Amino acid sequence: MTGRPPDTLFCLHFLGGSTRSWEALGRALDGTARLVPIDLPGFGAASGQSGYGIDAMADAVTEAIVAAAPGSFRIAGHSMGAKVALALARRAEDGDDRLDGLSSLVLISGSPPSPEPIPEDRRTKMLAWIDSDDETRTKEARAFVRANVAAKLPAEVEDRAVEDVLRTAPAAWKAWLTSGSNEDHCRRIGTLRMPALVLAGSEDADLGADAQAALTMPHLPNGRLVTVEGVAHLLPMEKPEELARLLREPLSASVEPNTFPVPADYDALIASDRVNSRLRETLRQRAEPDDPAYAPKAMDAVEFAILRAVFARVLPVPGLDVAARLDARLASGGGDGWRFVALPPDAEAYRAALRTLDAASRAAHERPFVALDEAGQDALLTLAQKGELSVPDSLGGLLDADRMRFWFEDVRADAVRLYLAHPASLASIGFSGIGAGGDSPEPLAAGLPGFHKTGLDSPESWEPRSSESAR
């Protein structure tokens with residue numbers, strides 16, 4: 001310690017947990033952080049408190065934060081608590097002054113903003129036993145704890161975890177399984193700019209690294225995803241020392257900005273009087289760096305992450321965010337004025353196709369599209385190109401194989417169009433046509449606008465040298 005006061009970390013527990021779920025972490029941190037665990041309504045010491053929806057839980061946590069008057073603080077959300085933490089972060093970034101000290105998030109095996117991927121048979125079973133007799137409840141509560149760890153917990157830790165499950169209000173347990181976990185806050189959470197550490201257990205079947213990459217990370221452009229080996233769903237109790245180590249590591253405040261620079265000689269051509277002022281302004285706008293934390297407008301964050309993955313395979317251009325440029329165009333209603341009659345309007349077609357592509361990945365590989373390796377992604381896109389990507393409606397197929405083929409043709413055309421619209425791309429292919437005429441009807445000092453040399457390999461003196469090298 002350096003004399004700086006320890007960070008305040010508000011901790012929100014998992015389904016069936018309580019403030020006691022964080023005790024081992026508190027010991028492992030050994031005073032390097034001020035832990036403030038909170039019992040969510042219906043759990044632990046707050047089992048008699050109502051308000052089981054995400055917003056109601058966020059309200060309760062906000063009250064606790066205000067009461068603690070922490071100044072600068074972080075929020076750690078575990079599983080169910082992570083969904084609440086994300087809602088609080090959204091409020092903070094939207095200007096809730098009660099949360100203006102929130103500096104970063106720690107999400108552990110987090111329930112995402114989208115509906116949580118809980119298998120229906122497991123959901124049904126968990127709902128069935130919560131109202132059973134005491135003996136059945138005790139047996140099932142212990143089975144629940146053991147099913148969520150990679151290796152058996154120490155006896156005293158397991159016993160306390162089981163006690164916490166048993167003192168959960170049945171109404172709160174059922175409300176999470178039937179409602180809270182299914183709440184869809186994907187568009188509402190949108191894109192959060194604050195730093196975040198997202199932790200996933202290597203043995204977590206439902207909310208492991210794949211689920212976090214597909215459903216949580218798209219909302220956190222300044223987030224870092226870490227897979228913790230040998231852990232299932234209950235990291236704070238399974239490996240508290242490892243969690244403490246990760247919490248001590250600094251978080252980056254931002255990602256590096258995108259750069260797709262225009263060569264200096266081509267930039268000079270843009271600035272010259274050979275280029276029409278309206279065209280010059282358009283090219284300047286197109287050359288603006290893309291925001292690495294761009295918040296999509298025409299699609300939600302999960303769809304946008306799939307779109308970025310698609311463009312990374314179709315036309316990878318380091319420093320150019322083609323997906324962001326397409327989303328902005330779709331949101332503005334701009335386009336080339338036509339579409340395949342078999343497809344819905346462009347924005348709707350993109351959203352449906354991206355969801356279909358992801359469903360195809362889950363059906364074929366039991367993994368989301370963004371979690372596949374390059375070969376796996378290419379294979380699915382090739383099927384789309386051939387008109388052979390078919391996913392049943394029951395599995396999330398919103399477009400049939402023919403319409404996916406039409407859509408993928410649009411994808412390739414849009415990628416090339418957006419790439420070639422950038423002045424750095426024009427420079428790379430040696431296109432000097434932008435210098436064919438300026439604003440003035442009078443002859444330019446260097447001669448009339450346009451081209452005079454029409455022979456092979458005979459560039460004009462004013463053409464950029466980088467253009468010559470690209471011929």
# chains A, B, ... in the order shown; residues from 1 in each chain; ligands from 1
$ residues_around --residues "Leu418 (chain A)" --least-positions-apart "2" --cutoff "10 Å" --atoms "only C-alpha atoms" --output "VMD selection string"
chain A and resid 286 320 to 323 325 to 326 329 413 to 416 420 to 422 425
$ closest_atom_pairs --of "region 214-278 of chain A" --to "region 27-47 of chain A" --cutoff "10 Å" --atoms "only C-alpha atoms" --output "tab-separated table"
residue	atom	partner	partner_atom	distance
A:Lys239	CA	A:Ala28	CA	9.6
A:Pro240	CA	A:Ala28	CA	6.3
A:Glu241	CA	A:Ala28	CA	5.3
A:Glu242	CA	A:Ala28	CA	8.7
A:Leu243	CA	A:Ala28	CA	8.5
A:Ala244	CA	A:Leu29	CA	5.4
A:Arg245	CA	A:Leu29	CA	8.0
A:Leu247	CA	A:Leu29	CA	8.6
A:Arg248	CA	A:Thr32	CA	8.0
$ write_last_selection --atoms "N, CA, C and O atoms" --output "JSON list (two decimals), in the first residue's frame"
[["chain", "number", "residue", "atom", "x", "y", "z"],
["A", 239, "LYS", "N", -11.82, -19.78, -6.57],
["A", 239, "LYS", "CA", -10.43, -19.33, -6.59],
["A", 239, "LYS", "C", -10.37, -17.85, -6.20],
["A", 239, "LYS", "O", -10.07, -16.99, -7.02],
["A", 240, "PRO", "N", -10.64, -17.53, -4.93],
["A", 240, "PRO", "CA", -10.65, -16.12, -4.52],
["A", 240, "PRO", "C", -9.29, -15.45, -4.66],
["A", 240, "PRO", "O", -9.21, -14.25, -4.96],
["A", 241, "GLU", "N", -8.21, -16.20, -4.46],
["A", 241, "GLU", "CA", -6.88, -15.60, -4.59],
["A", 241, "GLU", "C", -6.60, -15.18, -6.02],
["A", 241, "GLU", "O", -6.02, -14.11, -6.27],
["A", 242, "GLU", "N", -7.02, -16.00, -7.00],
["A", 242, "GLU", "CA", -6.85, -15.65, -8.39],
["A", 242, "GLU", "C", -7.71, -14.44, -8.75],
["A", 242, "GLU", "O", -7.26, -13.54, -9.50],
["A", 243, "LEU", "N", -8.92, -14.38, -8.24],
["A", 243, "LEU", "CA", -9.77, -13.22, -8.48],
["A", 243, "LEU", "C", -9.14, -11.97, -7.89],
["A", 243, "LEU", "O", -9.13, -10.91, -8.53],
["A", 244, "ALA", "N", -8.60, -12.08, -6.68],
["A", 244, "ALA", "CA", -7.94, -10.93, -6.06],
["A", 244, "ALA", "C", -6.76, -10.44, -6.90],
["A", 244, "ALA", "O", -6.56, -9.23, -7.08],
["A", 245, "ARG", "N", -6.00, -11.38, -7.44],
["A", 245, "ARG", "CA", -4.87, -10.99, -8.29],
["A", 245, "ARG", "C", -5.34, -10.22, -9.52],
["A", 245, "ARG", "O", -4.77, -9.19, -9.90],
["A", 247, "LEU", "N", -8.07, -8.52, -9.85],
["A", 247, "LEU", "CA", -8.63, -7.23, -9.46],
["A", 247, "LEU", "C", -7.55, -6.19, -9.20],
["A", 247, "LEU", "O", -7.80, -4.99, -9.31],
["A", 248, "ARG", "N", -6.36, -6.64, -8.85],
["A", 248, "ARG", "CA", -5.26, -5.70, -8.58],
["A", 248, "ARG", "C", -4.62, -5.17, -9.87],
["A", 248, "ARG", "O", -3.92, -4.16, -9.83]]
$ closest_atom_pairs --of "region 270-355 of chain A" --to "region 432-437 of chain A" --cutoff "9 Å" --atoms "only C-alpha atoms" --output "Markdown table"
| residue | atom | partner | partner_atom | distance |
| --- | --- | --- | --- | --- |
| A:Ile270 | CA | A:Ile434 | CA | 7.6 |
| A:Ser272 | CA | A:Gly435 | CA | 8.2 |
| A:Asp273 | CA | A:Gly437 | CA | 8.0 |
| A:Arg274 | CA | A:Gly435 | CA | 4.8 |
| A:Val275 | CA | A:Gly435 | CA | 4.9 |
| A:Asn276 | CA | A:Gly437 | CA | 6.2 |
| A:Leu279 | CA | A:Ile434 | CA | 7.8 |
| A:Arg280 | CA | A:Ile434 | CA | 8.7 |
$ write_last_selection --atoms "N, CA and C atoms" --output "short mmCIF file (atom, residue, chain, number, x, y, z; two decimals), in the first residue's frame"
data_model
loop_
_atom_site.label_atom_id
_atom_site.label_comp_id
_atom_site.auth_asym_id
_atom_site.auth_seq_id
_atom_site.Cartn_x
_atom_site.Cartn_y
_atom_site.Cartn_z
N ILE A 270 -5.94 16.44 -52.30
CA ILE A 270 -7.27 16.78 -51.79
C ILE A 270 -7.35 18.26 -51.43
N SER A 272 -5.67 20.68 -52.71
CA SER A 272 -5.33 21.59 -53.81
C SER A 272 -6.58 22.15 -54.48
N ASP A 273 -6.35 23.19 -55.32
CA ASP A 273 -7.48 23.80 -56.02
C ASP A 273 -7.94 22.97 -57.21
N ARG A 274 -7.35 21.82 -57.42
CA ARG A 274 -7.84 20.91 -58.46
C ARG A 274 -9.07 20.12 -58.01
N VAL A 275 -9.35 20.14 -56.72
CA VAL A 275 -10.45 19.34 -56.17
C VAL A 275 -11.61 20.26 -55.80
N ASN A 276 -12.78 19.93 -56.27
CA ASN A 276 -14.00 20.67 -55.94
C ASN A 276 -14.20 20.72 -54.43
N LEU A 279 -16.47 18.08 -52.93
CA LEU A 279 -15.81 16.78 -52.91
C LEU A 279 -14.74 16.74 -51.82
N ARG A 280 -14.00 17.84 -51.68
CA ARG A 280 -12.96 17.90 -50.66
C ARG A 280 -13.56 17.67 -49.27
#
$ residues_around --residues "Asn148 (chain A)" --least-positions-apart "5" --cutoff "8 Å" --atoms "only C-alpha atoms" --output "list in words"
Asp204, Ala232, His233 and Leu234 of chain A
$ residues_around --residues "Glu238 (chain A)" --least-positions-apart "3" --cutoff "8 Å" --atoms "only C-alpha atoms" --output "ChimeraX atom specification"
/A:149-151,153,231,234-235
$ write_last_selection --atoms "N, CA and C atoms" --output "PDB file, in the first residue's frame"
ATOM      1  N   VAL A 149     -19.554 -25.588  -9.701  1.00  0.00           N
ATOM      2  CA  VAL A 149     -18.120 -25.499  -9.418  1.00  0.00           C
ATOM      3  C   VAL A 149     -17.386 -26.585 -10.193  1.00  0.00           C
ATOM      4  N   ALA A 150     -16.110 -26.315 -10.468  1.00  0.00           N
ATOM      5  CA  ALA A 150     -15.305 -27.289 -11.206  1.00  0.00           C
ATOM      6  C   ALA A 150     -14.768 -28.371 -10.281  1.00  0.00           C
ATOM      7  N   ALA A 151     -14.480 -28.017  -9.055  1.00  0.00           N
ATOM      8  CA  ALA A 151     -14.005 -28.975  -8.051  1.00  0.00           C
ATOM      9  C   ALA A 151     -14.733 -28.681  -6.746  1.00  0.00           C
ATOM     10  N   LEU A 153     -15.964 -27.590  -3.298  1.00  0.00           N
ATOM     11  CA  LEU A 153     -15.534 -26.531  -2.384  1.00  0.00           C
ATOM     12  C   LEU A 153     -15.173 -27.114  -1.025  1.00  0.00           C
ATOM     13  N   VAL A 231     -12.050 -23.288 -13.337  1.00  0.00           N
ATOM     14  CA  VAL A 231     -13.144 -22.671 -12.584  1.00  0.00           C
ATOM     15  C   VAL A 231     -14.427 -22.837 -13.378  1.00  0.00           C
ATOM     16  N   LEU A 234     -18.591 -20.262 -10.041  1.00  0.00           N
ATOM     17  CA  LEU A 234     -18.526 -19.586  -8.740  1.00  0.00           C
ATOM     18  C   LEU A 234     -17.111 -19.148  -8.404  1.00  0.00           C
ATOM     19  N   LEU A 235     -16.487 -18.386  -9.289  1.00  0.00           N
ATOM     20  CA  LEU A 235     -15.106 -17.945  -9.118  1.00  0.00           C
ATOM     21  C   LEU A 235     -14.804 -17.322  -7.761  1.00  0.00           C
TER      22      LEU A 235
END
$ atom_distance --atom1 "CA of Phe408 (chain A)" --atom2 "CA of His185 (chain A)"
28.6 Å
$ closest_atom_pairs --of "region 134-221 of chain A" --to "region 372-381 of chain A" --cutoff "12 Å" --atoms "only C-alpha atoms" --output "Markdown table"
| residue | atom | partner | partner_atom | distance |
| --- | --- | --- | --- | --- |
| A:Ala209 | CA | A:Leu372 | CA | 11.9 |
| A:Asp210 | CA | A:Leu372 | CA | 9.0 |
| A:Ala211 | CA | A:Leu372 | CA | 12.0 |
| A:Ala213 | CA | A:Leu372 | CA | 10.7 |
| A:Ala214 | CA | A:Leu372 | CA | 10.5 |
$ closest_residue --among "A:Ala298, A:Leu354, A:Ile75, A:Ala427" --to "Ala268 (chain A)" --atoms "only C-alpha atoms"
A:Ala427
$ atom_distance --atom1 "CA of Phe10 (chain A)" --atom2 "CA of Glu249 (chain A)"
17.3 Å
$ residues_around --residues "Asp55 (chain A)" --least-positions-apart "2" --cutoff "12 Å" --atoms "only C-alpha atoms" --output "MDAnalysis selection string"
chainID A and resid 40:41 51:53 57:62 81 83:88 90:91 180 183:185 188
$ select_by_dssp --residues "region 64-238 of chain A" --states "strand (DSSP E)" --output "mmCIF file with C-alpha atoms, in the first residue's frame"
data_model
loop_
_atom_site.group_PDB
_atom_site.id
_atom_site.type_symbol
_atom_site.label_atom_id
_atom_site.label_comp_id
_atom_site.auth_asym_id
_atom_site.auth_seq_id
_atom_site.Cartn_x
_atom_site.Cartn_y
_atom_site.Cartn_z
ATOM 1 C CA PHE A 73 -15.810 3.172 -6.836
ATOM 2 C CA ARG A 74 -16.116 0.033 -8.922
ATOM 3 C CA ILE A 75 -18.932 -2.497 -9.135
ATOM 4 C CA ALA A 76 -18.345 -6.235 -9.284
ATOM 5 C CA GLY A 77 -21.316 -8.230 -10.497
ATOM 6 C CA HIS A 78 -21.400 -12.015 -10.336
ATOM 7 C CA LEU A 102 -18.413 4.687 -10.965
ATOM 8 C CA SER A 103 -15.035 4.159 -12.636
ATOM 9 C CA SER A 104 -15.175 0.584 -13.964
ATOM 10 C CA LEU A 105 -16.939 -2.772 -13.899
ATOM 11 C CA VAL A 106 -15.888 -6.285 -12.960
ATOM 12 C CA LEU A 107 -18.251 -8.885 -14.419
ATOM 13 C CA ILE A 108 -17.825 -12.463 -13.240
ATOM 14 C CA ALA A 196 -14.474 -3.404 -17.682
ATOM 15 C CA LEU A 197 -12.887 -6.679 -16.674
ATOM 16 C CA VAL A 198 -14.983 -9.643 -17.821
ATOM 17 C CA LEU A 199 -14.112 -12.990 -16.242
ATOM 18 C CA ALA A 200 -15.278 -16.407 -17.407
ATOM 19 C CA GLY A 201 -14.596 -19.835 -15.952
ATOM 20 C CA GLY A 223 -13.504 -4.318 -21.837
ATOM 21 C CA ARG A 224 -11.019 -7.153 -21.411
ATOM 22 C CA LEU A 225 -12.173 -10.775 -21.401
ATOM 23 C CA VAL A 226 -10.154 -13.235 -19.297
ATOM 24 C CA THR A 227 -10.792 -16.960 -19.046
ATOM 25 C CA VAL A 228 -9.886 -18.373 -15.642
#
$ residues_around --residues "Pro261 (chain A)" --least-positions-apart "3" --cutoff "9 Å" --atoms "only C-alpha atoms" --output "JSON list (two decimals) with C-alpha atoms, in the first residue's frame"
[["chain", "number", "residue", "atom", "x", "y", "z"],
["A", 264, "ALA", "CA", 0.65, 12.89, -47.52],
["A", 287, "ALA", "CA", -11.02, 10.23, -43.77],
["A", 289, "PRO", "CA", -10.89, 8.09, -37.86],
["A", 319, "GLY", "CA", -7.78, 0.75, -39.20],
["A", 423, "PRO", "CA", -9.50, 8.49, -49.74],
["A", 424, "ALA", "CA", -6.72, 6.20, -48.45]]
$ atom_distance --atom1 "CA of Tyr266 (chain A)" --atom2 "CA of Ala324 (chain A)"
24.3 Å
$ residues_around --residues "region 118-135 of chain A" --least-positions-apart "6" --cutoff "10 Å" --atoms "only C-alpha atoms" --output "ChimeraX atom specification"
/A:111,141,144,165-166,168-171,173-175,177-178,181-182,205-207
$ closest_residue --among "A:Asp7, A:Glu156, A:Glu460, A:Asp300" --to "Thr216 (chain A)" --atoms "only C-alpha atoms"
A:Asp300
$ select_by_dssp --residues "region 1-124 of chain A" --states "alpha helix (DSSP H)" --output "PyMOL selection string"
chain A and resi 23-29+54-68+80-93+120-124
$ closest_residue --among "A:Ser332, A:Ala384, A:Met217, A:Arg417" --to "Leu315 (chain A)" --atoms "only C-alpha atoms"
A:Arg417
